[in-house]
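For reference, my_file14.cif is printed below; it contains mmCIF, C-alpha atoms and all ligand atoms.
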```cif
data_final
#
loop_
_atom_site.label_atom_id
_atom_site.label_comp_id
_atom_site.auth_asym_id
_atom_site.auth_seq_id
_atom_site.Cartn_x
_atom_site.Cartn_y
_atom_site.Cartn_z
CA MET A 1 0.00 0.00 0.00
CA VAL A 2 1.13 3.53 -0.76
CA LYS A 3 -0.47 6.67 0.66
CA THR A 4 0.35 10.27 -0.27
CA SER A 5 -1.19 13.62 0.47
CA ALA A 6 -1.10 16.94 -1.39
CA PRO A 7 -2.21 20.39 -0.21
CA GLY A 8 -4.65 22.83 -1.73
CA LYS A 9 -3.33 26.12 -3.11
CA MET A 10 -4.22 29.76 -3.29
CA MET A 11 -3.10 32.28 -5.86
CA PHE A 12 -1.65 35.31 -4.07
CA PHE A 13 -0.44 37.58 -6.89
CA GLY A 14 -0.56 37.42 -10.67
CA GLU A 15 -3.71 35.55 -11.64
CA HIS A 16 -4.64 35.72 -15.33
CA ALA A 17 -1.34 37.41 -16.23
CA ALA A 18 0.27 34.07 -15.21
CA VAL A 19 -1.41 32.43 -18.22
CA TYR A 20 0.63 34.78 -20.46
CA GLY A 21 3.98 34.03 -18.84
CA ILE A 22 4.01 36.79 -16.19
CA PRO A 23 5.43 35.48 -12.87
CA CYS A 24 2.98 34.82 -10.07
CA ILE A 25 3.14 34.05 -6.34
CA ALA A 26 1.01 31.32 -4.79
CA PHE A 27 1.07 29.27 -1.62
CA ALA A 28 -0.01 25.83 -0.42
CA VAL A 29 -2.80 25.77 2.17
CA ASN A 30 -3.31 23.48 5.14
CA GLN A 31 -6.14 21.44 3.64
CA ARG A 32 -5.02 18.22 2.08
CA LEU A 33 -6.22 15.49 -0.22
CA TYR A 34 -5.10 11.94 0.60
CA CYS A 35 -4.58 9.31 -2.07
CA SER A 36 -3.82 5.63 -1.51
CA ILE A 37 -3.09 2.84 -3.97
CA ASN A 38 -3.53 -0.82 -3.11
CA LYS A 39 -2.49 -3.75 -5.24
CA ARG A 40 -5.18 -6.04 -6.72
CA LYS A 41 -4.83 -9.65 -7.68
CA ASP A 42 -6.63 -9.10 -11.00
CA LYS A 43 -5.74 -6.49 -13.63
CA ARG A 44 -8.64 -4.15 -12.94
CA ILE A 45 -8.17 -0.52 -11.96
CA ILE A 46 -10.83 0.52 -9.48
CA PHE A 47 -11.57 3.94 -7.98
CA ASN A 48 -13.15 4.58 -4.58
CA PHE A 49 -13.84 8.24 -3.81
CA PRO A 50 -16.12 8.02 -0.74
CA ASP A 51 -16.17 11.79 -0.09
CA ILE A 52 -17.95 12.36 -3.42
CA GLY A 53 -20.01 9.16 -3.21
CA LEU A 54 -18.25 7.37 -6.06
CA MET A 55 -17.41 3.76 -5.19
CA ASP A 56 -16.18 0.71 -7.04
CA TYR A 57 -15.83 2.64 -10.31
CA GLU A 58 -13.76 0.92 -12.98
CA TYR A 59 -11.16 2.78 -15.07
CA THR A 60 -12.43 3.43 -18.60
CA GLY A 61 -10.09 6.23 -19.68
CA SER A 62 -13.08 8.28 -20.81
CA SER A 63 -15.09 9.20 -17.72
CA GLU A 64 -17.19 12.35 -17.51
CA ASP A 65 -16.73 12.76 -13.75
CA LYS A 66 -14.25 15.58 -13.03
CA ARG A 67 -12.19 13.86 -10.34
CA VAL A 68 -12.09 10.58 -12.31
CA LYS A 69 -10.98 12.47 -15.44
CA PHE A 70 -8.00 14.03 -13.62
CA ILE A 71 -7.06 10.73 -11.96
CA GLU A 72 -7.34 8.77 -15.22
CA ALA A 73 -5.21 11.31 -17.10
CA ALA A 74 -2.64 11.25 -14.26
CA ILE A 75 -2.44 7.44 -14.51
CA LYS A 76 -2.08 7.56 -18.31
CA ASN A 77 0.64 10.22 -18.16
CA THR A 78 2.59 8.57 -15.36
CA VAL A 79 2.32 4.86 -16.15
CA GLY A 80 1.85 5.17 -19.92
CA ASP A 81 1.56 1.98 -21.96
CA LYS A 82 2.14 -0.26 -18.96
CA ILE A 83 -1.35 0.57 -17.76
CA SER A 84 -2.94 -2.79 -18.62
CA ASP A 85 -0.13 -4.78 -16.94
CA PHE A 86 -1.23 -3.91 -13.43
CA GLY A 87 -4.34 -4.06 -11.28
CA PHE A 88 -4.77 -1.62 -8.42
CA GLU A 89 -7.30 0.28 -6.39
CA VAL A 90 -7.17 4.03 -5.89
CA GLU A 91 -8.86 5.75 -2.95
CA THR A 92 -8.94 9.51 -2.43
CA ARG A 93 -10.19 11.36 0.63
CA SER A 94 -10.34 15.12 0.73
CA GLU A 95 -10.41 17.44 3.72
CA MET A 96 -10.40 20.44 1.36
CA LYS A 97 -12.94 23.25 1.35
CA LYS A 98 -14.15 24.53 -2.00
CA GLY A 99 -11.98 26.99 -3.88
CA VAL A 100 -8.54 25.69 -2.91
CA GLY A 101 -7.95 23.35 -5.84
CA THR A 102 -9.13 19.79 -5.24
CA SER A 103 -8.34 18.84 -8.85
CA SER A 104 -4.71 19.95 -8.72
CA ALA A 105 -4.18 18.28 -5.32
CA CYS A 106 -5.73 15.11 -6.76
CA VAL A 107 -3.33 15.10 -9.70
CA VAL A 108 -0.27 15.79 -7.54
CA ALA A 109 -1.17 13.21 -4.86
CA MET A 110 -1.94 10.62 -7.56
CA VAL A 111 1.29 11.12 -9.55
CA ALA A 112 3.35 10.96 -6.33
CA ALA A 113 1.51 7.78 -5.26
CA LEU A 114 2.08 6.12 -8.66
CA ASN A 115 5.75 7.12 -8.50
CA GLU A 116 6.09 5.22 -5.20
CA PHE A 117 3.80 2.32 -6.08
CA PHE A 118 5.59 1.52 -9.36
CA LYS A 119 9.03 2.63 -8.08
CA LEU A 120 9.43 4.93 -11.07
CA GLY A 121 12.15 7.06 -9.46
CA LEU A 122 10.73 10.35 -10.78
CA ASN A 123 12.13 13.48 -9.18
CA ARG A 124 10.02 16.53 -8.29
CA GLU A 125 10.78 18.31 -11.58
CA GLN A 126 9.73 15.27 -13.62
CA MET A 127 6.57 14.90 -11.55
CA PHE A 128 5.80 18.57 -12.18
CA GLY A 129 6.02 17.98 -15.95
CA ILE A 130 3.58 15.06 -15.70
CA CYS A 131 1.18 16.98 -13.44
CA TYR A 132 1.10 20.02 -15.71
CA LYS A 133 0.55 17.88 -18.81
CA THR A 134 -2.33 16.18 -16.97
CA VAL A 135 -3.99 19.52 -16.18
CA LEU A 136 -3.64 20.63 -19.80
CA ASP A 137 -4.97 17.28 -21.11
CA VAL A 138 -8.13 17.59 -19.01
CA GLN A 139 -8.68 21.33 -18.83
CA GLY A 140 -6.96 22.57 -21.97
CA LYS A 141 -5.80 25.82 -20.32
CA GLY A 142 -3.93 27.11 -17.28
CA SER A 143 -0.50 28.30 -16.25
CA GLY A 144 0.30 25.22 -14.13
CA TYR A 145 0.80 27.29 -10.96
CA ASP A 146 -1.76 25.14 -9.14
CA VAL A 147 0.08 21.82 -9.51
CA ALA A 148 3.43 23.61 -9.03
CA THR A 149 2.25 24.97 -5.66
CA SER A 150 0.67 21.74 -4.47
CA LEU A 151 3.81 19.80 -5.39
CA TYR A 152 6.43 22.18 -3.95
CA GLY A 153 4.45 23.61 -1.00
CA GLY A 154 5.07 26.79 0.98
CA PHE A 155 5.27 30.02 -1.00
CA VAL A 156 6.17 29.57 -4.63
CA LYS A 157 7.18 32.02 -7.33
CA TYR A 158 6.14 30.54 -10.63
CA THR A 159 6.48 31.50 -14.26
CA LYS A 160 4.75 29.37 -16.89
CA GLY A 161 7.25 27.25 -18.79
CA GLN A 162 9.78 27.32 -15.93
CA LEU A 163 10.28 25.34 -12.75
CA PRO A 164 8.67 26.75 -9.59
CA ILE A 165 10.99 28.64 -7.22
CA PRO A 166 10.32 28.08 -3.50
CA MET A 167 10.20 31.41 -1.61
CA ASP A 168 11.09 32.19 1.99
CA CYS A 169 8.50 34.07 3.99
CA PRO A 170 10.05 35.12 7.31
CA ALA A 171 6.96 36.96 8.63
CA LYS A 172 3.97 35.13 10.07
CA LEU A 173 1.04 35.92 7.83
CA HIS A 174 -2.53 35.75 9.14
CA LEU A 175 -4.59 34.93 6.09
CA VAL A 176 -8.35 34.63 5.85
CA MET A 177 -10.02 33.10 2.84
CA GLY A 178 -13.62 33.93 2.02
CA HIS A 179 -15.62 31.85 -0.42
CA THR A 180 -18.49 33.64 -2.15
CA ASN A 181 -20.50 30.40 -2.44
CA ILE A 182 -20.69 31.24 -6.14
CA LYS A 183 -19.06 28.69 -8.40
CA ALA A 184 -17.05 30.18 -11.24
CA ASP A 185 -15.61 28.46 -14.27
CA THR A 186 -11.86 29.08 -14.61
CA VAL A 187 -11.65 28.25 -18.31
CA SER A 188 -14.53 30.64 -19.21
CA LEU A 189 -12.79 33.43 -17.28
CA ILE A 190 -9.47 32.72 -19.00
CA ASN A 191 -11.34 32.87 -22.33
CA GLN A 192 -13.06 36.12 -21.33
CA VAL A 193 -9.68 37.73 -20.62
CA ALA A 194 -8.29 36.36 -23.91
CA GLU A 195 -11.14 37.99 -25.86
CA LYS A 196 -10.63 41.37 -24.18
CA LYS A 197 -6.87 41.08 -24.71
CA GLN A 198 -7.42 40.47 -28.39
CA LYS A 199 -9.70 43.49 -28.60
CA PHE A 200 -7.37 45.81 -26.61
CA PRO A 201 -3.87 44.37 -26.98
CA HIS A 202 -2.02 47.56 -25.94
CA PHE A 203 -4.09 47.97 -22.78
CA TYR A 204 -3.40 44.41 -21.81
CA GLU A 205 0.30 44.85 -22.40
CA GLU A 206 0.19 47.69 -19.85
CA ILE A 207 -2.10 45.77 -17.49
CA PHE A 208 0.23 42.78 -17.45
CA ARG A 209 3.30 44.97 -17.02
CA LEU A 210 1.66 46.62 -14.01
CA THR A 211 0.66 43.21 -12.66
CA GLU A 212 4.24 41.99 -12.99
CA ASN A 213 5.46 45.05 -11.05
CA CYS A 214 2.97 44.22 -8.28
CA VAL A 215 4.17 40.60 -8.19
CA LEU A 216 7.84 41.64 -7.95
CA GLU A 217 7.08 44.32 -5.35
CA ALA A 218 5.03 41.80 -3.35
CA GLU A 219 7.94 39.35 -3.54
CA ASN A 220 10.26 41.98 -2.01
CA ARG A 221 7.73 42.87 0.69
CA ILE A 222 7.32 39.19 1.59
CA LYS A 223 11.10 38.73 1.80
CA ILE A 224 11.59 41.70 4.15
CA GLY A 225 8.40 41.01 6.12
CA ASP A 226 6.76 44.36 5.29
CA LEU A 227 3.12 43.39 5.75
CA GLU A 228 1.71 46.84 5.11
CA GLY A 229 3.57 47.10 1.83
CA LEU A 230 2.39 43.61 0.93
CA ALA A 231 -1.19 44.59 1.74
CA ASP A 232 -0.91 47.69 -0.45
CA MET A 233 0.11 45.43 -3.33
CA MET A 234 -2.91 43.18 -2.65
CA ASN A 235 -5.29 46.15 -2.83
CA PHE A 236 -3.53 47.52 -5.88
CA VAL A 237 -3.56 44.26 -7.85
CA HIS A 238 -7.20 43.68 -6.94
CA GLY A 239 -8.03 47.01 -8.58
CA ILE A 240 -6.28 45.80 -11.72
CA LEU A 241 -8.23 42.52 -11.69
CA ASN A 242 -11.47 44.44 -11.24
CA GLY A 243 -10.49 46.60 -14.20
CA MET A 244 -9.98 43.42 -16.21
CA GLY A 245 -13.62 42.54 -15.51
CA VAL A 246 -13.01 39.35 -13.54
CA SER A 247 -14.37 40.46 -10.17
CA HIS A 248 -17.95 39.89 -9.03
CA PRO A 249 -20.29 41.96 -6.80
CA LYS A 250 -20.08 39.30 -4.10
CA LEU A 251 -16.28 39.32 -4.23
CA GLU A 252 -16.32 43.11 -3.89
CA GLU A 253 -18.71 42.85 -0.93
CA LEU A 254 -16.47 40.35 0.89
CA ILE A 255 -13.30 42.29 0.06
CA PHE A 256 -14.68 45.62 1.32
CA ALA A 257 -16.23 43.94 4.38
CA SER A 258 -12.80 42.47 5.21
CA ARG A 259 -11.03 45.78 4.78
CA ASN A 260 -13.65 47.50 6.96
CA ALA A 261 -13.15 44.82 9.61
CA GLY A 262 -9.44 45.63 9.80
CA ALA A 263 -7.81 43.63 7.00
CA LEU A 264 -4.55 45.24 5.93
CA GLY A 265 -5.30 44.20 2.37
CA ALA A 266 -7.78 42.04 0.46
CA LYS A 267 -8.13 40.80 -3.09
CA LEU A 268 -9.81 38.15 -5.17
CA SER A 269 -7.79 34.96 -5.47
CA GLY A 270 -7.86 32.71 -8.52
CA ALA A 271 -9.85 33.23 -11.68
CA GLY A 272 -12.51 35.51 -10.10
CA GLY A 273 -16.15 35.63 -11.26
CA GLY A 274 -17.17 34.23 -7.83
CA ASP A 275 -15.13 31.60 -6.00
CA CYS A 276 -12.88 33.17 -3.39
CA MET A 277 -11.02 36.16 -1.98
CA ILE A 278 -8.17 36.43 0.45
CA ALA A 279 -7.52 38.95 3.21
CA LEU A 280 -4.30 39.71 5.05
CA ALA A 281 -5.20 40.14 8.70
CA SER A 282 -3.26 40.83 11.88
CA ASP A 283 -3.46 38.43 14.82
CA THR A 284 -6.11 40.66 16.41
CA THR A 285 -8.37 41.09 13.36
CA VAL A 286 -8.75 37.50 12.10
CA LYS A 287 -11.96 36.83 14.03
CA ALA A 288 -13.60 40.15 13.10
CA ILE A 289 -12.82 39.63 9.40
CA MET A 290 -14.21 36.10 9.46
CA ALA A 291 -17.39 37.32 11.19
CA GLU A 292 -17.91 40.06 8.57
CA ILE A 293 -17.38 37.64 5.68
CA GLU A 294 -19.96 35.31 7.20
CA LYS A 295 -22.41 38.18 7.79
CA LYS A 296 -22.21 38.99 4.07
CA GLY A 297 -23.07 35.41 3.13
CA GLY A 298 -19.53 34.18 2.45
CA ALA A 299 -17.80 31.12 3.88
CA PRO A 300 -14.68 32.20 5.82
CA PHE A 301 -11.78 30.18 7.08
CA GLU A 302 -8.30 30.91 8.27
CA VAL A 303 -5.63 29.46 6.01
CA ARG A 304 -2.11 28.49 7.00
CA VAL A 305 0.75 27.86 4.67
CA ASP A 306 1.49 24.16 4.40
CA GLU A 307 4.16 21.86 2.99
CA GLY A 308 3.89 20.29 -0.46
CA VAL A 309 3.15 16.72 -1.47
CA ARG A 310 4.32 14.06 0.97
CA ILE A 311 4.39 10.32 1.39
CA GLU A 312 2.12 9.36 4.30
CA ASP A 313 2.67 5.62 4.26
CA ILE A 314 4.47 2.94 2.23
C1 LIG A 401 -6.87 30.49 -11.65
O1 LIG A 401 -6.77 29.98 -10.35
C2 LIG A 401 -5.72 31.41 -11.97
C3 LIG A 401 -5.56 31.74 -13.44
O2 LIG A 401 -4.43 32.61 -13.53
C4 LIG A 401 -5.35 30.52 -14.29
C5 LIG A 401 -3.98 29.89 -14.17
O3 LIG A 401 -3.00 30.57 -13.88
O4 LIG A 401 -3.90 28.65 -14.41
C6 LIG A 401 -6.77 32.51 -13.94
#
```
Take the structure I supplied and represent it as structure tokens, if you would.
Ligand code: MEV
Amino acid sequence: MVKTSAPGKMMFFGEHAAVYGIPCIAFAVNQRLYCSINKRKDKRIIFNFPDIGLMDYEYTGSSEDKRVKFIEAAIKNTVGDKISDFGFEVETRSEMKKGVGTSSACVVAMVAALNEFFKLGLNREQMFGICYKTVLDVQGKGSGYDVATSLYGGFVKYTKGQLPIPMDCPAKLHLVMGHTNIKADTVSLINQVAEKKQKFPHFYEEIFRLTENCVLEAENRIKIGDLEGLADMMNFVHGILNGMGVSHPKLEELIFASRNAGALGAKLSGAGGGDCMIALASDTTVKAIMAEIEKKGGAPFEVRVDEGVRIEDI
């Protein structure tokens, strides 16, 4: 038996611009997805995902279920042609709240589990390549920051097409995530930005340049532990994202409620259009920010930065 776990992720700086090769900063959050593989005597590949009510489901390579699709693509990309030589059972269990990237954690935990189970000897860089290919095979679009962050853990600076760079964060950050309870579709939002970019290429050149400056400034502020400067960058980059048309009235409500409750900074996190926001609090304002988010109909929780993928059991 092999058991791995991978964390969720949150985008901190650089969403959307990341798709066009602008660096971004993201971090792994302390909500994990666990994946175990057990050998079978026959050659069947069976999935048990009790937390989504999917049991005893046999591998077809063409499922419509989202989690199965990611797992099947991860198996294909990791084990390749040898797939029919082996029989095994995959079980996933998630402790993740919505909005922190169950799919990417699934892919990362699965690839790491296959690496151990089949003794493939893949290093982290090779696993990253497989994970990113898997995301593109299933979703078609994305910068790959999500699997990069879940794999490497901690704070990560990431530029599409390059390996993630782990970042030190000496200061203790108090971070509150607020989910709008509105589901957004990442690929539609990426497409929406692409259309606008095509219509106004020069504006988007400027927008992405400004975003990159925010990312680099945020990186400096993180390194020297200047939380107020970091918060300024969060507010600034949120304004840019709003200008790009990817915010949502509910996101604005939760962001302003957080700021009014004492957040140093707050911004949307991820593709926008709903989903979630993130606020930088101080140790004395976490509770007030969470209460305000809840009052406005959002789902708040405190997030801590966590380590990347790990082997739980062999
Ligand atoms: C979505 O979480 C963030 C985007 O930048 C897409 C990506 O980078 O893969 C919109």
Could you give me, as number ranges by chain, every polymer residue with an atom at most 10 Å away from an atom of ligand LIG 401 (chain A), counting only C-alpha atoms and all ligand atoms? A: 9-24, 26, 99-101, 135-136, 139, 141-147, 158-160, 185-191, 193, 246, 269-272, 275-276
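The nearest approach to Val79 of chain A among the residues A:Tyr59, A:Lys97, A:Ala299, A:Leu120, with all atoms listed in the file taken into account, belongs to A:Leu120.
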Around all listed atoms of segment 167-182 of chain A, padded 8 Å per side, what centre and edge lengths does the axis-aligned box have in Å to one decimal, as lines of an AutoDock Vina configuration file?
```
center_x = -4.8
center_y = 33.7
center_z = 2.0
size_x = 47.8
size_y = 22.6
size_z = 32.2
```
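Here atom CA of Asp313 of chain A and atom CA of Lys3 of chain A stand 4.9 Å from one another.
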Quick check, in Å to one decimal: how far apart do atom CA of Gly153 of chain A and atom CA of Val138 of chain A lie?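 Separation of atom CA of Gly153 of chain A and atom CA of Val138 of chain A: 22.8 Å.
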Could you name the residues that touch segment 60-70 of chain A at 7 Å or less, counting all atoms listed in the file, but leaving out those on the same chain fewer than 5 positions away, as a tab-separated table (two decimals) with C-alpha atoms, keeping the file's coordinate frame?
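Output below, filename around-v1.tsv:
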```tsv
chain	number	residue	atom	x	y	z
A	103	SER	CA	-8.34	18.84	-8.85
A	107	VAL	CA	-3.33	15.10	-9.70
A	134	THR	CA	-2.33	16.18	-16.97
A	138	VAL	CA	-8.13	17.59	-19.01
```
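Applying the 9 Å criterion to (3.7, 18.2, -11.0) in file coordinates and using only C-alpha atoms, one obtains the residues A:Ser104, A:Val107, A:Val108, A:Val111, A:Ala112, A:Arg124, A:Glu125, A:Gln126, A:Met127, A:Phe128, A:Gly129, A:Ile130, A:Cys131, A:Tyr132, A:Lys133, A:Thr134, A:Gly144, A:Val147, A:Ala148, A:Thr149, A:Ser150, A:Leu151, A:Tyr152.
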Given the choices A:Leu268, A:Arg44, A:Arg209, A:Ala261, which gets closest to Asn235 of chain A if the distance is worked out from all atoms listed in the file? A:Leu268
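Taking atom CA of Ser36 of chain A and atom CA of Phe117 of chain A as the two end points, the separation is 9.5 Å.
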